[in-house]
file target02.pdb (PDB, C-alpha atoms)
ATOM      1  CA  MET L 925     171.478 144.087 -35.507
ATOM      2  CA  SER L 926     171.037 141.120 -33.222
ATOM      3  CA  GLY L 927     168.374 141.121 -30.504
ATOM      4  CA  ILE L 928     170.604 139.458 -27.917
ATOM      5  CA  LYS L 929     170.374 141.101 -24.501
ATOM      6  CA  PHE L 930     173.437 141.693 -22.304
ATOM      7  CA  GLU L 931     173.280 141.960 -18.531
ATOM      8  CA  VAL L 932     176.388 143.267 -16.795
ATOM      9  CA  MET L 933     176.576 142.576 -13.069
ATOM     10  CA  ALA L 934     178.784 144.428 -10.632
ATOM     11  CA  ARG L 935     180.667 142.428  -8.048
ATOM     12  CA  SER L 936     178.542 143.932  -5.277
ATOM     13  CA  ALA L 937     175.366 142.515  -6.857
ATOM     14  CA  LEU L 938     176.967 139.089  -7.157
ATOM     15  CA  GLU L 939     178.013 139.159  -3.529
ATOM     16  CA  ARG L 940     174.426 139.732  -2.406
ATOM     17  CA  MET L 941     173.311 136.497  -4.072
ATOM     18  CA  SER L 942     173.618 132.964  -2.703
ATOM     19  CA  GLU L 943     175.321 130.305  -4.861
ATOM     20  CA  ASP L 944     171.962 128.782  -5.787
ATOM     21  CA  GLU L 945     170.578 132.212  -6.723
ATOM     22  CA  VAL L 946     173.559 132.834  -9.026
ATOM     23  CA  VAL L 947     173.070 129.454 -10.718
ATOM     24  CA  GLU L 948     169.325 129.985 -11.096
ATOM     25  CA  TYR L 949     169.863 133.523 -12.457
ATOM     26  CA  VAL L 950     172.450 132.424 -15.036
ATOM     27  CA  ILE L 951     170.375 129.503 -16.301
ATOM     28  CA  ARG L 952     167.184 131.585 -16.465
ATOM     29  CA  ARG L 953     168.934 134.336 -18.415
ATOM     30  CA  ALA L 954     170.678 131.880 -20.753
ATOM     31  CA  LYS L 955     167.375 130.158 -21.499
ATOM     32  CA  GLU L 956     165.906 133.571 -22.337
ATOM     33  CA  GLY L 957     168.792 134.092 -24.759
ATOM     34  CA  SER L 958     170.662 136.697 -22.698
ATOM     35  CA  VAL L 959     174.399 137.019 -22.186
ATOM     36  CA  VAL L 960     175.500 137.632 -18.601
ATOM     37  CA  VAL L 961     178.768 139.448 -17.885
ATOM     38  CA  PHE L 962     180.080 139.301 -14.315
ATOM     39  CA  GLU L 963     182.664 141.553 -12.801
ATOM     40  CA  GLY L 964     184.995 139.042 -11.172
ATOM     41  CA  GLN L 965     184.868 135.273 -11.186
ATOM     42  CA  LEU L 966     182.553 132.547 -10.023
ATOM     43  CA  SER L 967     183.933 129.828  -7.770
ATOM     44  CA  PRO L 968     184.645 126.412  -9.345
ATOM     45  CA  GLN L 969     181.760 124.978  -7.311
ATOM     46  CA  VAL L 970     179.312 127.527  -8.764
ATOM     47  CA  LEU L 971     180.635 126.957 -12.288
ATOM     48  CA  THR L 972     180.189 123.194 -11.815
ATOM     49  CA  LYS L 973     176.600 123.730 -10.615
ATOM     50  CA  ILE L 974     175.954 125.923 -13.662
ATOM     51  CA  ILE L 975     177.217 123.152 -15.966
ATOM     52  CA  GLU L 976     175.063 120.593 -14.129
ATOM     53  CA  GLU L 977     171.944 122.758 -14.282
ATOM     54  CA  ALA L 978     172.595 123.670 -17.916
ATOM     55  CA  MET L 979     172.691 119.959 -18.778
ATOM     56  CA  LYS L 980     169.480 119.290 -16.851
ATOM     57  CA  ASN L 981     167.798 122.089 -18.795
ATOM     58  CA  VAL L 982     168.979 121.153 -22.298
ATOM     59  CA  ASP L 983     166.015 120.529 -24.539
ATOM     60  CA  LEU L 984     166.615 119.241 -27.998
ATOM     61  CA  GLU L 985     165.420 122.281 -29.945
ATOM     62  CA  GLU L 986     165.700 125.573 -28.037
ATOM     63  CA  PHE L 987     168.282 125.414 -25.249
ATOM     64  CA  LYS L 988     171.605 123.684 -26.018
ATOM     65  CA  GLY L 989     173.497 124.721 -22.888
ATOM     66  CA  VAL L 990     175.930 127.550 -22.235
ATOM     67  CA  ASP L 991     179.353 128.880 -23.185
ATOM     68  CA  ILE L 992     181.515 130.055 -20.300
ATOM     69  CA  HIS L 993     184.482 132.390 -20.783
ATOM     70  CA  VAL L 994     186.723 133.695 -18.047
ATOM     71  CA  VAL L 995     189.455 136.300 -18.252
ATOM     72  CA  PRO L 996     191.702 135.713 -15.243
ATOM     73  CA  PRO L 997     193.108 138.601 -13.226
ATOM     74  CA  LYS L 998     196.654 139.727 -13.919
ATOM     75  CA  THR L 999     198.919 137.990 -11.429
ATOM     76  CA  ALA L1000     202.583 137.179 -11.549
ATOM     77  CA  GLY L1001     203.633 133.528 -11.784
ATOM     78  CA  GLY L1002     201.644 130.376 -11.092
ATOM     79  CA  GLY L1003     199.596 128.194 -13.409
ATOM     80  CA  ILE L1004     196.235 129.081 -14.868
ATOM     81  CA  ILE L1005     194.213 127.661 -11.982
ATOM     82  CA  LYS L1006     195.988 129.842  -9.432
ATOM     83  CA  LYS L1007     195.282 132.822 -11.667
ATOM     84  CA  ILE L1008     191.660 131.948 -12.233
ATOM     85  CA  PHE L1009     190.749 130.475  -8.889
ATOM     86  CA  GLY L1010     193.136 132.353  -6.668
ATOM     87  CA  ARG L1011     191.895 133.322  -3.256
ATOM     88  CA  LYS L1012     190.253 136.461  -4.605
ATOM     89  CA  PHE L1013     187.244 136.164  -6.850
ATOM     90  CA  ASP L1014     186.686 139.912  -7.186
ATOM     91  CA  THR L1015     188.934 140.447 -10.203
ATOM     92  CA  GLY L1016     188.746 139.236 -13.795
ATOM     93  CA  ILE L1017     185.708 138.949 -16.059
ATOM     94  CA  THR L1018     183.244 136.084 -16.554
ATOM     95  CA  VAL L1019     180.941 135.841 -19.554
ATOM     96  CA  ILE L1020     178.182 133.205 -19.725
ATOM     97  CA  SER L1021     176.110 133.027 -22.876
ATOM     98  CA  PRO L1022     173.608 130.656 -24.427
ATOM     99  CA  ALA L1023     175.582 128.017 -26.404
ATOM    100  CA  GLY L1024     176.488 129.312 -29.844
ATOM    101  CA  ALA L1025     175.118 132.829 -29.221
ATOM    102  CA  LEU L1026     178.526 134.416 -29.604
ATOM    103  CA  LYS L1027     180.026 134.078 -33.037
ATOM    104  CA  ASP L1028     183.504 135.090 -32.072
ATOM    105  CA  LEU L1029     185.217 135.831 -28.817
ATOM    106  CA  LYS L1030     188.705 137.145 -28.289
ATOM    107  CA  LYS L1031     190.363 137.235 -24.908
ATOM    108  CA  GLY L1032     193.097 139.692 -24.062
ATOM    109  CA  GLU L1033     194.982 139.945 -20.800
ATOM    110  CA  ASP L1034     192.296 142.100 -19.279
ATOM    111  CA  TYR L1035     189.458 142.291 -21.764
ATOM    112  CA  ILE L1036     187.009 140.176 -23.761
ATOM    113  CA  SER L1037     185.861 141.138 -27.249
ATOM    114  CA  LEU L1038     182.505 139.616 -28.222
ATOM    115  CA  LYS L1039     180.880 139.265 -31.602
ATOM    116  CA  LEU L1040     177.263 138.201 -31.724
ATOM    117  CA  GLY L1041     176.228 135.191 -33.799
TER     118      GLY L1041
ATOM    119  CA  MET Z1024     195.165  83.181  -8.553
ATOM    120  CA  SER Z1025     197.331  80.683  -6.655
ATOM    121  CA  ILE Z1026     197.288  80.286  -2.868
ATOM    122  CA  LEU Z1027     200.799  81.743  -2.758
ATOM    123  CA  GLU Z1028     199.674  84.822  -4.713
ATOM    124  CA  LYS Z1029     196.672  85.262  -2.377
ATOM    125  CA  LEU Z1030     198.952  85.058   0.676
ATOM    126  CA  MET Z1031     201.353  87.542  -0.919
ATOM    127  CA  GLY Z1032     198.426  89.862  -1.519
ATOM    128  CA  LEU Z1033     197.671  89.960   2.206
ATOM    129  CA  PHE Z1034     201.087  91.467   2.854
ATOM    130  CA  ARG Z1035     200.980  94.003   0.084
ATOM    131  CA  SER Z1036     200.976  97.617   1.166
ATOM    132  CA  GLY Z1037     198.464 100.330   0.245
ATOM    133  CA  PRO Z1038     194.738 100.839   0.733
ATOM    134  CA  LYS Z1039     192.310  98.121  -0.287
ATOM    135  CA  GLU Z1040     190.444 100.080  -2.934
ATOM    136  CA  VAL Z1041     190.696 103.629  -4.191
ATOM    137  CA  ASP Z1042     187.963 105.133  -6.386
ATOM    138  CA  ILE Z1043     189.573 107.081  -9.217
ATOM    139  CA  GLY Z1044     187.481 109.016 -11.734
ATOM    140  CA  VAL Z1045     188.709 109.454 -15.297
ATOM    141  CA  TYR Z1046     187.483 112.933 -16.193
ATOM    142  CA  GLY Z1047     187.770 115.326 -19.111
ATOM    143  CA  ALA Z1048     186.014 116.911 -22.062
ATOM    144  CA  PRO Z1049     184.472 114.667 -24.772
ATOM    145  CA  ASN Z1050     186.889 112.930 -27.180
ATOM    146  CA  VAL Z1051     190.085 113.549 -25.222
ATOM    147  CA  GLY Z1052     190.746 109.811 -24.962
ATOM    148  CA  LYS Z1053     189.303 108.886 -21.562
ATOM    149  CA  THR Z1054     187.996 105.486 -22.628
ATOM    150  CA  THR Z1055     191.140 104.772 -24.661
ATOM    151  CA  LEU Z1056     193.153 105.484 -21.507
ATOM    152  CA  ALA Z1057     190.873 103.354 -19.313
ATOM    153  CA  ASN Z1058     191.020 100.482 -21.830
ATOM    154  CA  ARG Z1059     194.816 100.775 -21.970
ATOM    155  CA  MET Z1060     194.973 100.440 -18.170
ATOM    156  CA  ALA Z1061     192.635  97.454 -18.332
ATOM    157  CA  ARG Z1062     194.797  95.743 -20.974
ATOM    158  CA  ASP Z1063     198.056  96.489 -19.145
ATOM    159  CA  TRP Z1064     196.760  95.113 -15.836
ATOM    160  CA  GLU Z1065     194.590  92.255 -17.089
ATOM    161  CA  ALA Z1066     191.211  93.772 -16.263
ATOM    162  CA  LYS Z1067     188.032  93.823 -18.341
ATOM    163  CA  GLU Z1068     187.938  96.614 -20.942
ATOM    164  CA  PHE Z1069     185.758  99.631 -20.216
ATOM    165  CA  GLY Z1070     183.967 100.294 -23.447
ATOM    166  CA  ARG Z1071     183.926 101.163 -27.084
ATOM    167  CA  VAL Z1072     185.954 104.038 -28.468
ATOM    168  CA  SER Z1073     184.368 106.185 -31.172
ATOM    169  CA  ARG Z1074     185.110 109.330 -33.132
ATOM    170  CA  VAL Z1075     181.509 110.396 -32.466
ATOM    171  CA  PRO Z1076     181.514 112.530 -29.291
ATOM    172  CA  HIS Z1077     179.759 111.239 -26.154
ATOM    173  CA  GLU Z1078     180.282 107.540 -26.874
ATOM    174  CA  THR Z1079     180.528 106.984 -23.088
ATOM    175  CA  ARG Z1080     177.240 108.203 -21.670
ATOM    176  CA  LYS Z1081     177.227 106.337 -18.345
ATOM    177  CA  PRO Z1082     180.066 105.913 -15.844
ATOM    178  CA  VAL Z1083     181.763 102.506 -16.241
ATOM    179  CA  ARG Z1084     183.609 101.041 -13.257
ATOM    180  CA  ARG Z1085     186.357  98.389 -13.339
ATOM    181  CA  GLU Z1086     188.785  97.138 -10.757
ATOM    182  CA  VAL Z1087     192.395  97.538 -11.866
ATOM    183  CA  GLU Z1088     195.298  96.390  -9.695
ATOM    184  CA  ILE Z1089     198.526  98.252 -10.412
ATOM    185  CA  SER Z1090     201.875  96.971  -9.122
ATOM    186  CA  ILE Z1091     204.977  99.135  -9.005
ATOM    187  CA  GLY Z1092     207.953  97.359  -7.448
ATOM    188  CA  SER Z1093     206.772  95.754  -4.235
ATOM    189  CA  LYS Z1094     203.744  98.038  -3.945
ATOM    190  CA  SER Z1095     200.403  96.979  -5.315
ATOM    191  CA  VAL Z1096     197.256  99.096  -5.254
ATOM    192  CA  ARG Z1097     193.752  98.116  -6.206
ATOM    193  CA  PHE Z1098     191.974 100.972  -7.973
ATOM    194  CA  ASN Z1099     188.299 101.233  -8.828
ATOM    195  CA  ILE Z1100     188.706 103.129 -12.064
ATOM    196  CA  VAL Z1101     185.549 104.935 -13.190
ATOM    197  CA  ASP Z1102     185.481 105.994 -16.834
ATOM    198  CA  THR Z1103     183.072 108.941 -16.840
ATOM    199  CA  PRO Z1104     181.099 110.614 -19.640
ATOM    200  CA  GLY Z1105     182.806 113.659 -21.166
ATOM    201  CA  ILE Z1106     182.033 116.902 -19.343
ATOM    202  CA  THR Z1107     180.670 119.654 -21.533
ATOM    203  CA  THR Z1108     178.707 122.877 -21.119
ATOM    204  CA  LYS Z1109     176.578 122.294 -24.221
ATOM    205  CA  VAL Z1110     175.045 119.465 -26.250
ATOM    206  CA  ASP Z1111     173.447 119.908 -29.664
ATOM    207  CA  TYR Z1112     172.010 116.808 -31.310
ATOM    208  CA  ARG Z1113     172.558 118.374 -34.752
ATOM    209  CA  LYS Z1114     176.328 117.896 -34.305
ATOM    210  CA  PHE Z1115     175.820 114.120 -34.241
ATOM    211  CA  LEU Z1116     174.090 114.234 -37.630
ATOM    212  CA  GLU Z1117     177.483 115.169 -39.127
ATOM    213  CA  TYR Z1118     178.687 111.680 -38.156
ATOM    214  CA  GLY Z1119     175.887 109.965 -40.058
ATOM    215  CA  LEU Z1120     173.517 109.309 -37.171
ATOM    216  CA  SER Z1121     169.803 109.458 -37.851
ATOM    217  CA  VAL Z1122     167.820 112.309 -36.257
ATOM    218  CA  GLU Z1123     166.275 109.841 -33.814
ATOM    219  CA  GLU Z1124     169.656 108.356 -32.846
ATOM    220  CA  ALA Z1125     171.202 111.814 -32.546
ATOM    221  CA  LYS Z1126     168.422 113.063 -30.257
ATOM    222  CA  ARG Z1127     168.672 109.960 -28.068
ATOM    223  CA  ARG Z1128     172.449 110.340 -27.868
ATOM    224  CA  ALA Z1129     172.137 114.024 -26.945
ATOM    225  CA  LYS Z1130     169.641 113.315 -24.183
ATOM    226  CA  GLU Z1131     171.781 110.483 -22.781
ATOM    227  CA  ALA Z1132     174.880 112.696 -23.025
ATOM    228  CA  THR Z1133     173.290 115.427 -20.878
ATOM    229  CA  ARG Z1134     172.303 112.848 -18.249
ATOM    230  CA  GLY Z1135     175.843 111.437 -18.418
ATOM    231  CA  VAL Z1136     177.388 114.842 -17.661
ATOM    232  CA  VAL Z1137     175.110 115.227 -14.625
ATOM    233  CA  GLU Z1138     176.092 111.743 -13.388
ATOM    234  CA  ALA Z1139     179.799 112.478 -13.923
ATOM    235  CA  ILE Z1140     179.518 115.724 -11.927
ATOM    236  CA  LYS Z1141     177.692 113.957  -9.081
ATOM    237  CA  MET Z1142     180.511 111.372  -8.971
ATOM    238  CA  LEU Z1143     183.026 114.140  -8.223
ATOM    239  CA  LYS Z1144     181.825 113.983  -4.609
ATOM    240  CA  LYS Z1145     182.381 110.231  -4.329
ATOM    241  CA  ILE Z1146     185.880 109.712  -5.710
ATOM    242  CA  GLN Z1147     189.181 109.663  -3.825
ATOM    243  CA  GLY Z1148     191.270 110.748  -6.791
ATOM    244  CA  ALA Z1149     190.997 111.765 -10.434
ATOM    245  CA  LEU Z1150     192.808 111.515 -13.725
ATOM    246  CA  VAL Z1151     192.011 114.700 -15.641
ATOM    247  CA  VAL Z1152     192.577 113.793 -19.275
ATOM    248  CA  VAL Z1153     193.563 116.669 -21.552
ATOM    249  CA  ASP Z1154     194.001 116.406 -25.323
ATOM    250  CA  SER Z1155     197.517 117.777 -25.837
ATOM    251  CA  THR Z1156     196.715 118.694 -29.445
ATOM    252  CA  ARG Z1157     194.124 121.239 -28.224
ATOM    253  CA  ASP Z1158     194.311 124.487 -26.279
ATOM    254  CA  PRO Z1159     194.625 123.417 -22.611
ATOM    255  CA  TYR Z1160     192.899 126.620 -21.417
ATOM    256  CA  ASP Z1161     189.560 124.938 -21.855
ATOM    257  CA  GLN Z1162     186.840 125.998 -19.438
ATOM    258  CA  VAL Z1163     185.936 122.361 -18.705
ATOM    259  CA  ASN Z1164     189.542 121.528 -17.711
ATOM    260  CA  ILE Z1165     189.812 124.652 -15.604
ATOM    261  CA  THR Z1166     186.476 124.159 -13.835
ATOM    262  CA  LEU Z1167     187.184 120.466 -13.183
ATOM    263  CA  ILE Z1168     190.607 121.116 -11.724
ATOM    264  CA  GLY Z1169     189.379 124.073  -9.676
ATOM    265  CA  ASN Z1170     186.631 121.874  -8.264
ATOM    266  CA  LEU Z1171     188.954 118.986  -7.412
ATOM    267  CA  GLU Z1172     191.370 121.354  -5.749
ATOM    268  CA  ALA Z1173     188.614 123.070  -3.753
ATOM    269  CA  ASN Z1174     187.462 119.649  -2.497
ATOM    270  CA  ASP Z1175     191.023 118.463  -1.702
ATOM    271  CA  VAL Z1176     190.729 115.553  -4.132
ATOM    272  CA  PRO Z1177     194.178 114.528  -5.407
ATOM    273  CA  PHE Z1178     194.453 114.414  -9.185
ATOM    274  CA  ILE Z1179     196.892 113.936 -12.042
ATOM    275  CA  VAL Z1180     196.632 115.847 -15.317
ATOM    276  CA  VAL Z1181     197.119 113.352 -18.159
ATOM    277  CA  ALA Z1182     198.318 115.095 -21.330
ATOM    278  CA  ASN Z1183     197.059 112.520 -23.830
ATOM    279  CA  LYS Z1184     197.619 111.963 -27.579
ATOM    280  CA  ILE Z1185     201.369 112.676 -27.563
ATOM    281  CA  ASP Z1186     201.693 110.253 -30.501
ATOM    282  CA  LEU Z1187     200.161 112.915 -32.763
ATOM    283  CA  PRO Z1188     202.577 115.299 -34.519
ATOM    284  CA  GLU Z1189     200.590 118.389 -33.485
ATOM    285  CA  ALA Z1190     200.677 117.425 -29.773
ATOM    286  CA  ASP Z1191     202.124 120.047 -27.440
ATOM    287  CA  PRO Z1192     202.407 118.473 -23.969
ATOM    288  CA  GLU Z1193     204.626 121.371 -22.847
ATOM    289  CA  ALA Z1194     201.670 123.732 -23.295
ATOM    290  CA  VAL Z1195     199.692 121.486 -20.929
ATOM    291  CA  ARG Z1196     202.585 121.521 -18.439
ATOM    292  CA  ASP Z1197     202.751 125.329 -18.625
ATOM    293  CA  ALA Z1198     198.997 125.721 -18.153
ATOM    294  CA  PHE Z1199     198.876 123.397 -15.151
ATOM    295  CA  SER Z1200     202.336 124.038 -13.777
ATOM    296  CA  ASP Z1201     201.198 123.734 -10.152
ATOM    297  CA  TYR Z1202     200.116 120.112 -10.603
ATOM    298  CA  THR Z1203     201.438 116.706 -11.615
ATOM    299  CA  VAL Z1204     201.234 116.479 -15.401
ATOM    300  CA  VAL Z1205     202.060 113.204 -17.168
ATOM    301  CA  PRO Z1206     202.225 113.222 -20.980
ATOM    302  CA  VAL Z1207     201.079 109.874 -22.464
ATOM    303  CA  SER Z1208     199.725 108.223 -25.531
ATOM    304  CA  ALA Z1209     196.923 105.958 -24.381
ATOM    305  CA  LYS Z1210     196.682 104.717 -27.956
ATOM    306  CA  THR Z1211     200.296 103.499 -28.274
ATOM    307  CA  GLY Z1212     201.034 103.017 -24.563
ATOM    308  CA  ARG Z1213     203.920 105.495 -24.585
ATOM    309  CA  ASN Z1214     204.795 106.785 -21.092
ATOM    310  CA  MET Z1215     202.029 104.761 -19.427
ATOM    311  CA  ASN Z1216     204.583 103.417 -16.930
ATOM    312  CA  LYS Z1217     205.136 107.023 -15.764
ATOM    313  CA  LEU Z1218     201.409 107.421 -15.232
ATOM    314  CA  TYR Z1219     201.180 104.195 -13.203
ATOM    315  CA  GLU Z1220     204.068 105.333 -11.016
ATOM    316  CA  ALA Z1221     202.358 108.696 -10.477
ATOM    317  CA  MET Z1222     199.030 107.006  -9.639
ATOM    318  CA  VAL Z1223     200.590 104.801  -6.974
ATOM    319  CA  ARG Z1224     202.569 107.755  -5.625
ATOM    320  CA  GLU Z1225     199.684 110.278  -5.587
ATOM    321  CA  PHE Z1226     196.656 108.136  -4.817
ATOM    322  CA  ALA Z1227     197.931 105.465  -2.440
ATOM    323  CA  ARG Z1228     199.547 107.526   0.276
TER     324      ARG Z1228
END

call {"tool": "encode", "arguments": {"input": "target02.pdb", "output": "structure tokens"}}
result
Amino acid sequence: MSGIKFEVMARSALERMSEDEVVEYVIRRAKEGSVVVFEGQLSPQVLTKIIEEAMKNVDLEEFKGVDIHVVPPKTAGGGIIKKIFGRKFDTGITVISPAGALKDLKKGEDYISLKLG
Amino acid sequence: MSILEKLMGLFRSGPKEVDIGVYGAPNVGKTTLANRMARDWEAKEFGRVSRVPHETRKPVRREVEISIGSKSVRFNIVDTPGITTKVDYRKFLEYGLSVEEAKRRAKEATRGVVEAIKMLKKIQGALVVVDSTRDPYDQVNITLIGNLEANDVPFIVVANKIDLPEADPEAVRDAFSDYTVVPVSAKTGRNMNKLYEAMVREFAR
């Protein structure tokens, strides 16, 4: 049994945090080896900041960065960006894990199946 | 350049210079595309192409003047390091690099990603290069495009590597159906004229 810790955050908790707090929280948890699951989606700006901070924090031995997986909400029509970054960020699922922590990940229309590495 | 050409240049339409970032994940063919543009429009090449990921670890800027019909636009093309969410130096060992070289490359690659992200705020347009042999629903592509759209930066999705038998540019079109998608082969030059037309149309309004 793997010792990886999961933290699942409700949308309401996410909404109480500033963008910088979300970024800091995700990076801190990823560096600790935890997987964070958000109800809903993060904005493209927050995701970009997470990538930037992950790169600043990469050390050569312990922390290699993060994996980001998003299941978009079910919407009719439109390309993937409209589905993922539509006006509403309160639907869908976002999973951010330390790079390589998840061995296998399958995405359905409204679910994510995770297998630990 | 002759005096006549210089005088003609004064009457050409379009903005003086437009900063265009060439963005995408590692090894999608960004530098191959930038070099192709340089060769087609008589500019200096951008850099070396390699099968080892993160060959471009610093943004490289070149001026490229593209002429379509009577319209000529001077672009500052910036070939940026590949955007990624993770870097592991051990991956570079698989390509025969020494541990020291691999660690140096990994460190430079992380700095390159940070620089590329910072440049997103300085550009007036972007070419988002997607490898059409891979799944287009890549988180880097999606985050990049979402960011450009949120900042009102015009961009073109370049579905590269259409010379390869496994390429599926239609999958790229389907994924990014709300945007301008141009399938090309930067390696062979196929469809590059379509990309140049789109660049002048989208970036030089």

call {"tool": "residues_around", "arguments": {"input": "target02.pdb", "residues": "Arg952 of chain L", "least_positions_apart": "6", "cutoff": "10 Å", "atoms": "all atoms listed in the file", "output": "list in words"}}
result
Val946, Ser958, Ala978 and Asn981 of chain L

call {"tool": "resolve_selection", "arguments": {"input": "target02.pdb", "expression": "the ChimeraX specification (/L :<6) & /Z", "output": "ChimeraX atom specification"}}
result
/Z:1108-1111,1133,1137,1166,1169-1170,1198-1201

call {"tool": "resolve_selection", "arguments": {"input": "target02.pdb", "expression": "the PyMOL selection byres ((chain L and resi 929) around 12)", "output": "PyMOL selection string"}}
result
chain L and resi 925-928+930-932+953-961+1021-1022+1025-1026+1040

call {"tool": "residues_near_point", "arguments": {"input": "target02.pdb", "point": "(185.6, 137.1, -14.4)", "cutoff": "6 Å", "atoms": "only C-alpha atoms", "output": "number ranges by chain"}}
result
L: 962-965, 994-995, 1016-1018

call {"tool": "resolve_selection", "arguments": {"input": "target02.pdb", "expression": "the PyMOL selection byres ((chain Z and resi 1128) around 12)", "output": "MDAnalysis selection string"}}
result
(chainID L and resid 984) or (chainID Z and resid 1075:1081 1104 1110:1116 1120:1127 1129:1135)

call {"tool": "atom_distance", "arguments": {"input": "target02.pdb", "atom1": "atom CA of Met1222 of chain Z", "atom2": "atom CA of Glu1189 of chain Z"}}
result
26.5 Å

call {"tool": "atom_distance", "arguments": {"input": "target02.pdb", "atom1": "atom CA of Leu1056 of chain Z", "atom2": "atom CA of Lys1210 of chain Z"}}
result
7.4 Å

call {"tool": "atom_distance", "arguments": {"input": "target02.pdb", "atom1": "atom CA of Asn1216 of chain Z", "atom2": "atom CA of Asp1175 of chain Z"}}
result
25.3 Å

call {"tool": "residues_around", "arguments": {"input": "target02.pdb", "residues": "Val1204 of chain Z", "least_positions_apart": "3", "cutoff": "10 Å", "atoms": "all atoms listed in the file", "output": "MDAnalysis selection string"}}
result
chainID Z and resid 1150:1153 1178:1182 1192:1193 1195:1201 1207 1218 1221

call {"tool": "closest_residue", "arguments": {"input": "target02.pdb", "among": "Z:Lys1067, Z:Arg1074, Z:Arg1084, Z:Lys1094", "to": "Val1045 of chain Z", "atoms": "all atoms listed in the file"}}
result
Z:Arg1084

call {"tool": "residues_around", "arguments": {"input": "target02.pdb", "residues": "Met1215 of chain Z", "least_positions_apart": "6", "cutoff": "9 Å", "atoms": "only C-alpha atoms", "output": "ChimeraX atom specification"}}
result
/Z:1059-1060,1205-1209

call {"tool": "axis_aligned_box", "arguments": {"input": "target02.pdb", "around": "segment 960-971 of chain L", "padding_each_side": "5 Å", "output": "lines of an AutoDock Vina configuration file"}}
result
center_x = 180.2
center_y = 133.3
center_z = -13.0
size_x = 19.5
size_y = 26.6
size_z = 21.3
